[in-house]
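File shown: start.cif (mmCIF, C-alpha atoms).
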```cif
data_model
#
loop_
_atom_site.group_PDB
_atom_site.id
_atom_site.type_symbol
_atom_site.label_atom_id
_atom_site.label_comp_id
_atom_site.auth_asym_id
_atom_site.auth_seq_id
_atom_site.Cartn_x
_atom_site.Cartn_y
_atom_site.Cartn_z
ATOM 1 C CA MET A 228 -3.549 -6.903 15.091
ATOM 2 C CA THR A 229 -3.472 -3.728 17.101
ATOM 3 C CA THR A 230 -6.722 -1.867 17.407
ATOM 4 C CA CYS A 231 -7.526 1.776 17.738
ATOM 5 C CA GLU A 232 -7.312 3.299 21.174
ATOM 6 C CA PRO A 233 -10.619 3.159 23.094
ATOM 7 C CA GLU A 234 -10.967 6.947 23.126
ATOM 8 C CA SER A 235 -10.500 7.113 19.333
ATOM 9 C CA ARG A 236 -12.330 3.981 18.156
ATOM 10 C CA CYS A 237 -11.849 3.141 14.528
ATOM 11 C CA ALA A 238 -14.972 3.676 12.477
ATOM 12 C CA GLN A 239 -16.155 1.377 9.711
ATOM 13 C CA PRO A 240 -17.884 2.037 6.419
ATOM 14 C CA ALA A 241 -21.630 2.291 6.921
ATOM 15 C CA ASP A 242 -22.466 0.136 3.911
ATOM 16 C CA LEU A 243 -21.103 -1.374 0.706
ATOM 17 C CA VAL A 244 -21.805 1.819 -1.249
ATOM 18 C CA GLU A 245 -19.567 3.853 1.077
ATOM 19 C CA LEU A 246 -16.880 1.179 0.842
ATOM 20 C CA PHE A 247 -17.033 1.215 -2.988
ATOM 21 C CA ALA A 248 -16.980 5.027 -3.107
ATOM 22 C CA ALA A 249 -13.978 5.254 -0.782
ATOM 23 C CA PHE A 250 -11.857 2.783 -2.748
ATOM 24 C CA ASN A 251 -12.991 4.197 -6.081
ATOM 25 C CA GLY A 252 -12.047 7.689 -4.918
ATOM 26 C CA MET A 253 -8.615 6.466 -3.792
ATOM 27 C CA ALA A 254 -8.001 4.787 -7.126
ATOM 28 C CA LEU A 255 -9.059 7.816 -9.152
ATOM 29 C CA ARG A 256 -7.091 10.326 -7.069
ATOM 30 C CA GLY A 257 -4.004 8.158 -6.850
ATOM 31 C CA PHE A 258 -3.698 7.334 -10.520
ATOM 32 C CA GLY A 259 -0.314 5.627 -10.830
ATOM 33 C CA GLY A 260 0.277 5.672 -7.072
ATOM 34 C CA VAL A 261 -2.722 4.682 -4.942
ATOM 35 C CA LEU A 262 -0.797 3.682 -1.810
ATOM 36 C CA PRO A 263 -0.333 7.262 -0.496
ATOM 37 C CA TRP A 264 -4.048 7.915 -0.945
ATOM 38 C CA ALA A 265 -5.000 4.624 0.665
ATOM 39 C CA GLN A 266 -2.999 5.510 3.757
ATOM 40 C CA ARG A 267 -4.418 9.034 3.854
ATOM 41 C CA VAL A 268 -8.032 7.953 3.395
ATOM 42 C CA LEU A 269 -8.096 4.812 5.548
ATOM 43 C CA VAL A 270 -6.005 6.176 8.432
ATOM 44 C CA ASP A 271 -6.164 9.979 8.443
ATOM 45 C CA GLU A 272 -9.479 10.982 6.868
ATOM 46 C CA ARG A 273 -11.953 8.195 7.582
ATOM 47 C CA ARG A 274 -10.109 6.639 10.535
ATOM 48 C CA TRP A 275 -11.149 3.141 9.509
ATOM 49 C CA LEU A 276 -7.682 1.831 10.473
ATOM 50 C CA SER A 277 -5.002 2.883 12.928
ATOM 51 C CA ALA A 278 -1.537 3.560 11.495
ATOM 52 C CA GLU A 279 -0.306 0.275 12.967
ATOM 53 C CA GLU A 280 -3.195 -1.698 11.469
ATOM 54 C CA PHE A 281 -2.548 -0.118 8.072
ATOM 55 C CA VAL A 282 1.127 -1.078 8.166
ATOM 56 C CA GLU A 283 0.260 -4.633 9.219
ATOM 57 C CA LEU A 284 -2.329 -5.047 6.452
ATOM 58 C CA LEU A 285 0.068 -3.542 3.913
ATOM 59 C CA ALA A 286 2.839 -5.909 4.983
ATOM 60 C CA LEU A 287 0.503 -8.871 4.532
ATOM 61 C CA ALA A 288 -0.705 -7.473 1.189
ATOM 62 C CA GLN A 289 2.887 -7.337 -0.038
ATOM 63 C CA LEU A 290 3.335 -11.036 0.686
ATOM 64 C CA MET A 291 0.361 -12.001 -1.433
ATOM 65 C CA PRO A 292 0.536 -12.220 -5.229
ATOM 66 C CA GLY A 293 -0.878 -9.261 -7.108
ATOM 67 C CA PRO A 294 -0.914 -5.507 -6.628
ATOM 68 C CA ASN A 295 -0.420 -4.481 -3.004
ATOM 69 C CA VAL A 296 -3.277 -1.982 -2.882
ATOM 70 C CA CYS A 297 -5.703 -4.437 -4.476
ATOM 71 C CA ASN A 298 -4.737 -7.013 -1.867
ATOM 72 C CA LEU A 299 -5.231 -4.354 0.822
ATOM 73 C CA ALA A 300 -8.686 -3.538 -0.598
ATOM 74 C CA LEU A 301 -9.639 -7.231 -0.561
ATOM 75 C CA MET A 302 -8.517 -7.704 3.037
ATOM 76 C CA PHE A 303 -10.147 -4.510 4.306
ATOM 77 C CA GLY A 304 -13.418 -5.200 2.478
ATOM 78 C CA ASP A 305 -13.485 -8.738 3.847
ATOM 79 C CA ARG A 306 -12.798 -7.444 7.333
ATOM 80 C CA CYS A 307 -15.797 -5.100 7.177
ATOM 81 C CA PHE A 308 -18.410 -7.025 5.152
ATOM 82 C CA GLY A 309 -17.027 -10.486 4.436
ATOM 83 C CA TRP A 310 -16.680 -11.747 0.873
ATOM 84 C CA ARG A 311 -19.168 -9.145 -0.426
ATOM 85 C CA GLY A 312 -17.025 -6.372 1.013
ATOM 86 C CA ALA A 313 -13.904 -7.857 -0.536
ATOM 87 C CA ILE A 314 -15.513 -7.888 -3.987
ATOM 88 C CA VAL A 315 -16.963 -4.388 -3.613
ATOM 89 C CA ALA A 316 -13.679 -2.867 -2.389
ATOM 90 C CA LEU A 317 -11.760 -4.496 -5.239
ATOM 91 C CA ALA A 318 -14.381 -3.350 -7.759
ATOM 92 C CA GLY A 319 -14.064 0.167 -6.387
ATOM 93 C CA MET A 320 -10.327 -0.049 -6.864
ATOM 94 C CA LEU A 321 -10.462 -1.427 -10.433
ATOM 95 C CA LEU A 322 -13.736 -0.756 -12.278
ATOM 96 C CA VAL A 323 -13.731 2.962 -13.118
ATOM 97 C CA PRO A 324 -9.913 3.301 -13.221
ATOM 98 C CA GLY A 325 -9.819 0.327 -15.599
ATOM 99 C CA LEU A 326 -12.215 2.090 -17.959
ATOM 100 C CA VAL A 327 -10.152 5.284 -17.689
ATOM 101 C CA VAL A 328 -6.956 3.370 -18.524
ATOM 102 C CA LEU A 329 -8.580 1.851 -21.598
ATOM 103 C CA ALA A 330 -9.684 5.292 -22.793
ATOM 104 C CA VAL A 331 -6.248 6.803 -22.097
ATOM 105 C CA ALA A 332 -4.539 3.924 -23.917
ATOM 106 C CA ILE A 333 -6.676 4.537 -26.989
ATOM 107 C CA VAL A 334 -5.962 8.277 -26.916
ATOM 108 C CA HIS A 335 -2.258 7.770 -26.137
ATOM 109 C CA GLY A 336 -1.915 5.448 -29.126
ATOM 110 C CA GLN A 337 -3.036 8.314 -31.335
ATOM 111 C CA PHE A 338 -0.775 10.997 -29.804
ATOM 112 C CA ALA A 339 2.252 9.132 -28.349
ATOM 113 C CA GLN A 340 4.743 10.592 -30.822
ATOM 114 C CA ILE A 341 4.066 14.217 -29.868
ATOM 115 C CA PRO A 342 7.017 15.520 -27.767
ATOM 116 C CA TRP A 343 4.907 17.353 -25.162
ATOM 117 C CA VAL A 344 2.868 14.173 -24.562
ATOM 118 C CA GLN A 345 6.099 12.238 -23.940
ATOM 119 C CA ARG A 346 7.267 14.923 -21.468
ATOM 120 C CA ALA A 347 3.906 14.901 -19.678
ATOM 121 C CA VAL A 348 4.061 11.121 -19.232
ATOM 122 C CA ALA A 349 7.636 11.386 -17.887
ATOM 123 C CA GLY A 350 6.500 14.084 -15.438
ATOM 124 C CA MET A 351 3.631 11.919 -14.179
ATOM 125 C CA ALA A 352 6.070 9.070 -13.550
ATOM 126 C CA ALA A 353 8.247 11.384 -11.425
ATOM 127 C CA VAL A 354 5.232 12.505 -9.384
ATOM 128 C CA ALA A 355 4.170 8.892 -8.762
ATOM 129 C CA ALA A 356 7.702 8.016 -7.609
ATOM 130 C CA GLY A 357 7.708 10.982 -5.232
ATOM 131 C CA LEU A 358 4.366 9.929 -3.739
ATOM 132 C CA VAL A 359 5.632 6.402 -3.109
ATOM 133 C CA ILE A 360 8.798 7.728 -1.424
ATOM 134 C CA ALA A 361 6.790 10.153 0.738
ATOM 135 C CA THR A 362 4.474 7.339 1.838
ATOM 136 C CA ALA A 363 7.402 5.068 2.655
ATOM 137 C CA LEU A 364 8.940 7.782 4.840
ATOM 138 C CA ARG A 365 5.628 8.439 6.556
ATOM 139 C CA LEU A 366 5.027 4.744 7.249
ATOM 140 C CA ALA A 367 8.593 4.293 8.476
ATOM 141 C CA ARG A 368 7.752 6.377 11.546
ATOM 142 C CA THR A 369 5.556 3.556 12.859
ATOM 143 C CA GLN A 370 8.309 0.938 12.642
ATOM 144 C CA ARG A 371 10.990 -0.096 15.083
ATOM 145 C CA TRP A 372 14.652 0.465 14.263
ATOM 146 C CA ARG A 373 15.308 -3.150 13.270
ATOM 147 C CA TRP A 374 12.698 -3.069 10.503
ATOM 148 C CA LEU A 375 13.994 0.260 9.266
ATOM 149 C CA ALA A 376 17.501 -1.205 9.205
ATOM 150 C CA LEU A 377 16.266 -4.168 7.139
ATOM 151 C CA GLY A 378 14.501 -1.818 4.736
ATOM 152 C CA ALA A 379 17.624 0.300 4.393
ATOM 153 C CA ALA A 380 19.720 -2.819 3.803
ATOM 154 C CA ALA A 381 17.315 -3.956 1.073
ATOM 155 C CA PHE A 382 17.420 -0.514 -0.548
ATOM 156 C CA VAL A 383 21.221 -0.413 -0.530
ATOM 157 C CA ALA A 384 21.564 -3.978 -1.808
ATOM 158 C CA MET A 385 19.035 -3.708 -4.614
ATOM 159 C CA GLY A 386 18.821 0.000 -5.378
ATOM 160 C CA LEU A 387 22.468 0.989 -5.115
ATOM 161 C CA LEU A 388 24.495 -2.206 -5.444
ATOM 162 C CA ARG A 389 22.068 -3.749 -7.976
ATOM 163 C CA TRP A 390 22.154 -7.192 -6.366
ATOM 164 C CA PRO A 391 19.530 -9.662 -7.606
ATOM 165 C CA LEU A 392 16.281 -9.784 -5.638
ATOM 166 C CA ALA A 393 16.671 -13.519 -4.916
ATOM 167 C CA TRP A 394 20.040 -12.974 -3.184
ATOM 168 C CA VAL A 395 18.754 -10.072 -1.124
ATOM 169 C CA LEU A 396 15.678 -12.020 -0.037
ATOM 170 C CA ALA A 397 17.761 -15.097 0.755
ATOM 171 C CA ALA A 398 19.853 -12.993 3.120
ATOM 172 C CA LEU A 399 17.215 -10.710 4.655
ATOM 173 C CA ILE A 400 14.277 -13.088 5.174
ATOM 174 C CA PRO A 401 16.076 -15.341 7.691
ATOM 175 C CA LEU A 402 17.410 -12.232 9.424
ATOM 176 C CA ALA A 403 13.910 -10.709 9.602
ATOM 177 C CA VAL A 404 12.425 -13.938 10.976
ATOM 178 C CA ALA A 405 15.176 -14.132 13.611
ATOM 179 C CA LEU A 406 14.645 -10.496 14.631
ATOM 180 C CA ALA A 407 10.874 -10.987 14.865
ATOM 181 C CA TRP A 408 11.313 -14.159 16.897
ATOM 182 C CA CYS A 409 13.777 -12.465 19.250
ATOM 183 C CA GLY A 410 11.355 -9.549 19.645
ATOM 184 C CA GLU A 411 8.465 -11.895 20.509
ATOM 185 C CA VAL A 412 10.597 -13.901 22.945
ATOM 186 C CA GLY A 413 11.820 -10.688 24.566
ATOM 187 C CA ALA A 414 8.268 -9.307 24.804
ATOM 188 C CA GLY A 415 7.072 -12.578 26.329
ATOM 189 C CA ALA A 416 9.840 -12.515 28.943
ATOM 190 C CA ARG A 417 8.992 -8.914 29.878
ATOM 191 C CA GLY A 418 5.212 -9.532 29.946
#
```
Represent the structure contained in this file as structure tokens.
Amino acid sequence: MTTCEPESRCAQPADLVELFAAFNGMALRGFGGVLPWAQRVLVDERRWLSAEEFVELLALAQLMPGPNVCNLALMFGDRCFGWRGAIVALAGMLLVPGLVVLAVAIVHGQFAQIPWVQRAVAGMAAVAAGLVIATALRLARTQRWRWLALGAAAFVAMGLLRWPLAWVLAALIPLAVALAWCGEVGAGARG
């Protein structure tokens, strides 16, 4: 994994309480779309990860089963404090937001038929979608053209042409592996 530049060394959380507070804050601020907040907090505000490290951890998190940001929290917590950090970061991501979701579900069950409540929920969904798109565009700046081309191909195939995920993955995964292998071989020949 790439590390921060020597002149701008990446910091780390001072203790488990700071780790919990950071992930809890991300989860509460990013209700319905934590990924933009995770990138902002971990890379921009606290400088615990470089942009490249964040993208690499996120890519690995997407390969693992479960929610991407929870996987990211587990990996980052483990990286800083071992298994205790993994548990604390995940608890920060899930504990308080989980209680909030339960309370909202109870309240929503009582008021779901009111038209302005339905419009408010639809508006929140649009905001969450916009945050995800903005984060994707921001993260795309750290990637090489070949990965952007693969992402665009996946978007066109699934989002516009409505091809099944299995077909798209069957076509793009071998292509991605070949491009990565060619990039490594080329880098090795130059180095």
Have a look at A:Arg371, A:His335, A:Arg389, A:Arg346 and name the one nearest to Glu279 (chain A); count only C-alpha atoms. A:Arg371
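Of the residues under consideration (A:Leu269, A:Cys297, A:Leu402, A:Leu262), A:Leu262 shows the shortest atom-to-atom contact distance to Ala361 (chain A) when counting all atoms listed in the file.
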Given all atoms listed in the file, how would the per-residue table for region 292-398 of chain A near region 239-252 of chain A read, listing every residue at most 10 Å away with its closest atom pair and distance in Å to one decimal, sorted by chain and number, as a tab-separated table?
```
residue	atom	partner	partner_atom	distance
A:Val296	CA	A:Phe250	CA	9.8
A:Cys297	CA	A:Phe250	CA	9.6
A:Ala300	CA	A:Phe250	CA	7.4
A:Phe303	CA	A:Leu246	CA	9.5
A:Gly304	CA	A:Leu246	CA	7.4
A:Arg306	CA	A:Gln239	CA	9.7
A:Cys307	CA	A:Gln239	CA	7.0
A:Phe308	CA	A:Leu243	CA	7.7
A:Arg311	CA	A:Leu243	CA	8.1
A:Gly312	CA	A:Leu243	CA	6.5
A:Ala313	CA	A:Leu246	CA	9.6
A:Ile314	CA	A:Phe247	CA	9.3
A:Val315	CA	A:Phe247	CA	5.6
A:Ala316	CA	A:Phe247	CA	5.3
A:Leu317	CA	A:Phe250	CA	7.7
A:Ala318	CA	A:Phe247	CA	7.1
A:Gly319	CA	A:Asn251	CA	4.2
A:Met320	CA	A:Asn251	CA	5.1
A:Leu321	CA	A:Asn251	CA	7.5
A:Leu322	CA	A:Asn251	CA	8.0
A:Val323	CA	A:Asn251	CA	7.2
A:Pro324	CA	A:Asn251	CA	7.8
```
Restricted to C-alpha atoms, what would the selected residues look like written as an mmCIF file, in the coordinates of the input?
```
data_model
loop_
_atom_site.group_PDB
_atom_site.id
_atom_site.type_symbol
_atom_site.label_atom_id
_atom_site.label_comp_id
_atom_site.auth_asym_id
_atom_site.auth_seq_id
_atom_site.Cartn_x
_atom_site.Cartn_y
_atom_site.Cartn_z
ATOM 1 C CA VAL A 296 -3.277 -1.982 -2.882
ATOM 2 C CA CYS A 297 -5.703 -4.437 -4.476
ATOM 3 C CA ALA A 300 -8.686 -3.538 -0.598
ATOM 4 C CA PHE A 303 -10.147 -4.510 4.306
ATOM 5 C CA GLY A 304 -13.418 -5.200 2.478
ATOM 6 C CA ARG A 306 -12.798 -7.444 7.333
ATOM 7 C CA CYS A 307 -15.797 -5.100 7.177
ATOM 8 C CA PHE A 308 -18.410 -7.025 5.152
ATOM 9 C CA ARG A 311 -19.168 -9.145 -0.426
ATOM 10 C CA GLY A 312 -17.025 -6.372 1.013
ATOM 11 C CA ALA A 313 -13.904 -7.857 -0.536
ATOM 12 C CA ILE A 314 -15.513 -7.888 -3.987
ATOM 13 C CA VAL A 315 -16.963 -4.388 -3.613
ATOM 14 C CA ALA A 316 -13.679 -2.867 -2.389
ATOM 15 C CA LEU A 317 -11.760 -4.496 -5.239
ATOM 16 C CA ALA A 318 -14.381 -3.350 -7.759
ATOM 17 C CA GLY A 319 -14.064 0.167 -6.387
ATOM 18 C CA MET A 320 -10.327 -0.049 -6.864
ATOM 19 C CA LEU A 321 -10.462 -1.427 -10.433
ATOM 20 C CA LEU A 322 -13.736 -0.756 -12.278
ATOM 21 C CA VAL A 323 -13.731 2.962 -13.118
ATOM 22 C CA PRO A 324 -9.913 3.301 -13.221
#
```
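Going from CA of Gly325 (chain A) over to CA of Leu366 (chain A), you cover 27.6 Å.
Our summary of the geometry notes that CA of Met385 (chain A) is positioned 24.3 Å from CA of Gly350 (chain A).
Between CA of Val404 (chain A) and CA of Leu375 (chain A) the interatomic distance comes to 14.4 Å.
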Rank nothing, just name the residue among A:Cys237, A:Gly378, A:Ala254, A:Ala398 nearest to Ala278 (chain A), using all atoms listed in the file. A:Cys237
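Residues in contact with Thr369 (chain A) at 12 Å, where only C-alpha atoms are counted and same-chain residues fewer than 6 positions away are skipped, are listed as Ser277, Ala278, Glu279, Glu280, Phe281, Val282, Glu283, Thr362, Ala363 and Leu375 of chain A.
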